[in-house]
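Engineer: Below: one structure in structure tokens.
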Amino acid sequence: MSENFKVIDNYLMVRMPEEIDHHKSSYISENADKFIVREQISNVVFDFEDTKFMDSSGIGIILGRYKKIACFGGKVFAIHTDNRIRHLFMISGLHKIVEIMD
Amino acid sequence: MKNEMKMEFDAISANEAFARVAVAAFVSELDPTLEEISDIKTAVSEAVTNAVIHGYDGLEGGKVNIRCSIDQDVLHVEVMDKGKGIDDIEKAMEPLFTTKPELNRSGMGFPFMEAFMDDLEVLSVPGEGTTVIMKKKIGCIPWIGDEE
Ligand SMILES: Nc1ncnc2c1ncn2[C@@H]1O[C@H](COP(=O)(O)OP(=O)(O)OP(=O)(O)O)[C@@H](O)[C@H]1O
Ligand SMILES: [Mg+2]
């Protein structure tokens, strides 16, 4: 499953699963943190290309990673977000800290 | 149109997906849009996840009960646990309020339920459990007269 994590320069790319819920979220957070610490990553890019479902667990994953890297000047990006995911970002205020790229 | 469904399952994270899909399937007779299905799945996922994480503190042995009913074009969903309950419901429902920030929770569960359903009511007694009652009106079913 670690093919879902890829390091390119100073960026950790995380390919998010089809369904992002509590059941899946700790796996993603723990693995992302391993890369962030081991490879001293400052930026994280979350790729939602495959994602069909997300609940507040996805917000927690992003917020938690943001807190880890923001103090070192790191940034969080989101790519391939659909309307629904952007709506969830909006309601939770996440759009203020995540850079949405498309 | 009236219909009712009840289910009980173990309060473990593996059942979260099953629970939201079951409710979405139950409501399909109302011909919901894809967006309405997503709304319902997210709201049910939030309530069930809360029962697992907070109600039973992630410990096994607890049960979650869901009761769904359809009355005309309104879906009614109740998610119940017999876990630890909520001391201050008003505070718990505030956006970004969470008692488990160490578990990467963001305090957006209740705000999402509120955003995606038409009505949200939370009943809880500390030490006895929590019941979340949600309602949502589905689409605009064209009136085809009384078929009875
Ligand atoms: N079934 C429950 N039993 C006991 N406490 C609950 C229950 N549901 C919610 N709570 C309490 O209400 C708080 C807010 O719930 P909410 O779902 O909004 O946020 P969260 O679960 O903490 O984070 P998120 O849902 O974003 O992952 C929880 O932190 C918890 O203290
Ligand atoms: Mg929650």
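As shown in the structure tokens, the chain order sets the letters A, B, ...; within each chain, residues go from 1, and ligands are also counted from 1 in the order they appear.
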Return as a list of chain:residue names every polymer residue, whether protein, DNA or RNA, with at least one atom no more than 6 Å from an atom of ligand 1; count only C-alpha atoms and all ligand atoms.
Structural biologist: A:Ser56, A:Ser57, B:Asn50, B:Ala51, B:His54, B:Gly55, B:Lys84, B:Gly85, B:Ile86, B:Ala92, B:Met93, B:Phe97, B:Thr98, B:Thr99, B:Lys100, B:Arg105, B:Ser106, B:Gly107, B:Met108, B:Gly109, B:Phe110, B:Thr130
Engineer: Fewer than 6 positions away in the same chain doesn't count, so skip those; otherwise give me all residues within 10 Å of A:Ile61, counting only C-alpha atoms, as a ChimeraX atom specification.
Structural biologist: /A:20-22,25-30,32,46 /B:103-106
Engineer: Show me which bits of chain A are within 6 Å of chain B, counting only C-alpha atoms, as a ChimeraX atom specification.
Structural biologist: /A:23,55-56,60,64
Engineer: Report the residues of chain B whose backbone DSSP state falls under strand (DSSP E), written as a PDB file with N, CA and C atoms, in the first residue's frame.
Structural biologist:
```
ATOM      1  N   LYS B   2     -44.673   4.449   3.185  1.00  0.00           N
ATOM      2  CA  LYS B   2     -44.058   4.271   4.490  1.00  0.00           C
ATOM      3  C   LYS B   2     -43.192   3.031   4.458  1.00  0.00           C
ATOM      4  N   ASN B   3     -42.054   3.087   5.102  1.00  0.00           N
ATOM      5  CA  ASN B   3     -41.154   1.942   5.142  1.00  0.00           C
ATOM      6  C   ASN B   3     -40.245   2.110   6.341  1.00  0.00           C
ATOM      7  N   GLU B   4     -39.831   0.983   6.925  1.00  0.00           N
ATOM      8  CA  GLU B   4     -38.970   1.070   8.096  1.00  0.00           C
ATOM      9  C   GLU B   4     -37.906  -0.015   8.056  1.00  0.00           C
ATOM     10  N   MET B   5     -36.733   0.285   8.645  1.00  0.00           N
ATOM     11  CA  MET B   5     -35.631  -0.673   8.669  1.00  0.00           C
ATOM     12  C   MET B   5     -34.864  -0.465   9.963  1.00  0.00           C
ATOM     13  N   LYS B   6     -34.466  -1.584  10.597  1.00  0.00           N
ATOM     14  CA  LYS B   6     -33.666  -1.484  11.816  1.00  0.00           C
ATOM     15  C   LYS B   6     -32.465  -2.378  11.688  1.00  0.00           C
ATOM     16  N   MET B   7     -31.340  -1.948  12.218  1.00  0.00           N
ATOM     17  CA  MET B   7     -30.205  -2.853  12.250  1.00  0.00           C
ATOM     18  C   MET B   7     -29.346  -2.616  13.474  1.00  0.00           C
ATOM     19  N   GLU B   8     -28.635  -3.671  13.856  1.00  0.00           N
ATOM     20  CA  GLU B   8     -27.722  -3.586  14.995  1.00  0.00           C
ATOM     21  C   GLU B   8     -26.415  -4.228  14.579  1.00  0.00           C
ATOM     22  N   PHE B   9     -25.306  -3.560  14.895  1.00  0.00           N
ATOM     23  CA  PHE B   9     -24.004  -4.135  14.529  1.00  0.00           C
ATOM     24  C   PHE B   9     -22.966  -3.756  15.576  1.00  0.00           C
ATOM     25  N   ASP B  10     -21.845  -4.474  15.552  1.00  0.00           N
ATOM     26  CA  ASP B  10     -20.762  -4.193  16.490  1.00  0.00           C
ATOM     27  C   ASP B  10     -20.161  -2.821  16.218  1.00  0.00           C
ATOM     28  N   LYS B  63     -22.502  -2.001  20.870  1.00  0.00           N
ATOM     29  CA  LYS B  63     -23.354  -2.158  19.683  1.00  0.00           C
ATOM     30  C   LYS B  63     -23.859  -0.791  19.228  1.00  0.00           C
ATOM     31  N   VAL B  64     -24.061  -0.671  17.937  1.00  0.00           N
ATOM     32  CA  VAL B  64     -24.697   0.522  17.379  1.00  0.00           C
ATOM     33  C   VAL B  64     -26.024   0.078  16.768  1.00  0.00           C
ATOM     34  N   ASN B  65     -27.064   0.836  17.029  1.00  0.00           N
ATOM     35  CA  ASN B  65     -28.363   0.557  16.429  1.00  0.00           C
ATOM     36  C   ASN B  65     -28.734   1.674  15.484  1.00  0.00           C
ATOM     37  N   ILE B  66     -29.266   1.305  14.344  1.00  0.00           N
ATOM     38  CA  ILE B  66     -29.773   2.311  13.415  1.00  0.00           C
ATOM     39  C   ILE B  66     -31.224   1.987  13.113  1.00  0.00           C
ATOM     40  N   ARG B  67     -32.052   3.010  13.187  1.00  0.00           N
ATOM     41  CA  ARG B  67     -33.443   2.841  12.769  1.00  0.00           C
ATOM     42  C   ARG B  67     -33.706   3.881  11.693  1.00  0.00           C
ATOM     43  N   CYS B  68     -34.188   3.433  10.564  1.00  0.00           N
ATOM     44  CA  CYS B  68     -34.483   4.348   9.458  1.00  0.00           C
ATOM     45  C   CYS B  68     -35.937   4.219   9.112  1.00  0.00           C
ATOM     46  N   SER B  69     -36.555   5.314   8.774  1.00  0.00           N
ATOM     47  CA  SER B  69     -37.879   5.185   8.203  1.00  0.00           C
ATOM     48  C   SER B  69     -38.068   6.220   7.115  1.00  0.00           C
ATOM     49  N   ILE B  70     -38.972   5.873   6.226  1.00  0.00           N
ATOM     50  CA  ILE B  70     -39.340   6.784   5.160  1.00  0.00           C
ATOM     51  C   ILE B  70     -40.811   7.088   5.350  1.00  0.00           C
ATOM     52  N   ASP B  71     -41.120   8.372   5.369  1.00  0.00           N
ATOM     53  CA  ASP B  71     -42.519   8.775   5.466  1.00  0.00           C
ATOM     54  C   ASP B  71     -42.733   9.781   4.348  1.00  0.00           C
ATOM     55  N   VAL B  74     -39.705  11.941   3.150  1.00  0.00           N
ATOM     56  CA  VAL B  74     -38.748  12.310   4.198  1.00  0.00           C
ATOM     57  C   VAL B  74     -38.080  11.068   4.773  1.00  0.00           C
ATOM     58  N   LEU B  75     -36.745  11.113   4.774  1.00  0.00           N
ATOM     59  CA  LEU B  75     -35.967  10.052   5.416  1.00  0.00           C
ATOM     60  C   LEU B  75     -35.698  10.462   6.857  1.00  0.00           C
ATOM     61  N   HIS B  76     -35.863   9.490   7.750  1.00  0.00           N
ATOM     62  CA  HIS B  76     -35.663   9.716   9.166  1.00  0.00           C
ATOM     63  C   HIS B  76     -34.623   8.672   9.601  1.00  0.00           C
ATOM     64  N   VAL B  77     -33.517   9.095  10.170  1.00  0.00           N
ATOM     65  CA  VAL B  77     -32.473   8.154  10.591  1.00  0.00           C
ATOM     66  C   VAL B  77     -32.135   8.382  12.055  1.00  0.00           C
ATOM     67  N   GLU B  78     -32.116   7.317  12.826  1.00  0.00           N
ATOM     68  CA  GLU B  78     -31.672   7.414  14.219  1.00  0.00           C
ATOM     69  C   GLU B  78     -30.465   6.523  14.407  1.00  0.00           C
ATOM     70  N   VAL B  79     -29.398   7.068  14.977  1.00  0.00           N
ATOM     71  CA  VAL B  79     -28.200   6.277  15.269  1.00  0.00           C
ATOM     72  C   VAL B  79     -28.001   6.289  16.783  1.00  0.00           C
ATOM     73  N   MET B  80     -28.010   5.113  17.381  1.00  0.00           N
ATOM     74  CA  MET B  80     -27.976   5.008  18.841  1.00  0.00           C
ATOM     75  C   MET B  80     -26.783   4.215  19.343  1.00  0.00           C
ATOM     76  N   ASP B  81     -26.191   4.679  20.430  1.00  0.00           N
ATOM     77  CA  ASP B  81     -25.208   3.844  21.125  1.00  0.00           C
ATOM     78  C   ASP B  81     -25.534   3.855  22.612  1.00  0.00           C
ATOM     79  N   ASP B 119     -32.548  18.311   9.337  1.00  0.00           N
ATOM     80  CA  ASP B 119     -32.836  18.449  10.753  1.00  0.00           C
ATOM     81  C   ASP B 119     -31.935  17.523  11.554  1.00  0.00           C
ATOM     82  N   LEU B 120     -31.403  18.027  12.647  1.00  0.00           N
ATOM     83  CA  LEU B 120     -30.508  17.229  13.496  1.00  0.00           C
ATOM     84  C   LEU B 120     -30.875  17.448  14.955  1.00  0.00           C
ATOM     85  N   GLU B 121     -31.045  16.333  15.668  1.00  0.00           N
ATOM     86  CA  GLU B 121     -31.361  16.422  17.083  1.00  0.00           C
ATOM     87  C   GLU B 121     -30.468  15.433  17.812  1.00  0.00           C
ATOM     88  N   VAL B 122     -29.880  15.841  18.916  1.00  0.00           N
ATOM     89  CA  VAL B 122     -28.995  14.955  19.663  1.00  0.00           C
ATOM     90  C   VAL B 122     -29.543  14.779  21.074  1.00  0.00           C
ATOM     91  N   LEU B 123     -29.788  13.527  21.450  1.00  0.00           N
ATOM     92  CA  LEU B 123     -30.251  13.223  22.803  1.00  0.00           C
ATOM     93  C   LEU B 123     -29.147  12.416  23.462  1.00  0.00           C
ATOM     94  N   SER B 124     -28.785  12.771  24.690  1.00  0.00           N
ATOM     95  CA  SER B 124     -27.712  12.019  25.325  1.00  0.00           C
ATOM     96  C   SER B 124     -27.833  12.091  26.841  1.00  0.00           C
ATOM     97  N   VAL B 125     -27.537  10.983  27.475  1.00  0.00           N
ATOM     98  CA  VAL B 125     -27.487  10.947  28.941  1.00  0.00           C
ATOM     99  C   VAL B 125     -26.120  10.393  29.331  1.00  0.00           C
ATOM    100  N   GLY B 129     -25.797   6.734  27.146  1.00  0.00           N
ATOM    101  CA  GLY B 129     -25.672   6.641  25.692  1.00  0.00           C
ATOM    102  C   GLY B 129     -26.176   7.860  24.954  1.00  0.00           C
ATOM    103  N   THR B 130     -26.106   7.750  23.639  1.00  0.00           N
ATOM    104  CA  THR B 130     -26.410   8.889  22.768  1.00  0.00           C
ATOM    105  C   THR B 130     -27.290   8.440  21.611  1.00  0.00           C
ATOM    106  N   THR B 131     -28.248   9.273  21.267  1.00  0.00           N
ATOM    107  CA  THR B 131     -29.068   9.033  20.078  1.00  0.00           C
ATOM    108  C   THR B 131     -29.032  10.279  19.204  1.00  0.00           C
ATOM    109  N   VAL B 132     -28.686  10.079  17.943  1.00  0.00           N
ATOM    110  CA  VAL B 132     -28.669  11.177  16.983  1.00  0.00           C
ATOM    111  C   VAL B 132     -29.843  10.966  16.030  1.00  0.00           C
ATOM    112  N   ILE B 133     -30.701  11.956  15.917  1.00  0.00           N
ATOM    113  CA  ILE B 133     -31.885  11.836  15.058  1.00  0.00           C
ATOM    114  C   ILE B 133     -31.752  12.840  13.911  1.00  0.00           C
ATOM    115  N   MET B 134     -31.795  12.319  12.682  1.00  0.00           N
ATOM    116  CA  MET B 134     -31.622  13.201  11.517  1.00  0.00           C
ATOM    117  C   MET B 134     -32.781  13.007  10.552  1.00  0.00           C
ATOM    118  N   LYS B 135     -33.143  14.092   9.885  1.00  0.00           N
ATOM    119  CA  LYS B 135     -34.192  13.994   8.879  1.00  0.00           C
ATOM    120  C   LYS B 135     -33.745  14.688   7.603  1.00  0.00           C
ATOM    121  N   LYS B 136     -34.190  14.154   6.497  1.00  0.00           N
ATOM    122  CA  LYS B 136     -33.887  14.801   5.226  1.00  0.00           C
ATOM    123  C   LYS B 136     -35.013  14.551   4.231  1.00  0.00           C
ATOM    124  N   LYS B 137     -35.433  15.632   3.614  1.00  0.00           N
ATOM    125  CA  LYS B 137     -36.452  15.541   2.579  1.00  0.00           C
ATOM    126  C   LYS B 137     -35.740  15.219   1.272  1.00  0.00           C
TER     127      LYS B 137
END
```
Engineer: Could you tell me how far atom CA of A:Leu94 sits from atom CA of B:Leu34, in Å to one decimal place?
Structural biologist: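 According to the coordinates, atom CA of B:Leu34 and atom CA of A:Leu94 are separated by 23.8 Å.
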Engineer: Please, what distance in Å, to one decimal, runs between atom CA of A:Gly58 and atom CA of A:Pro17?
Structural biologist: 10.4 Å
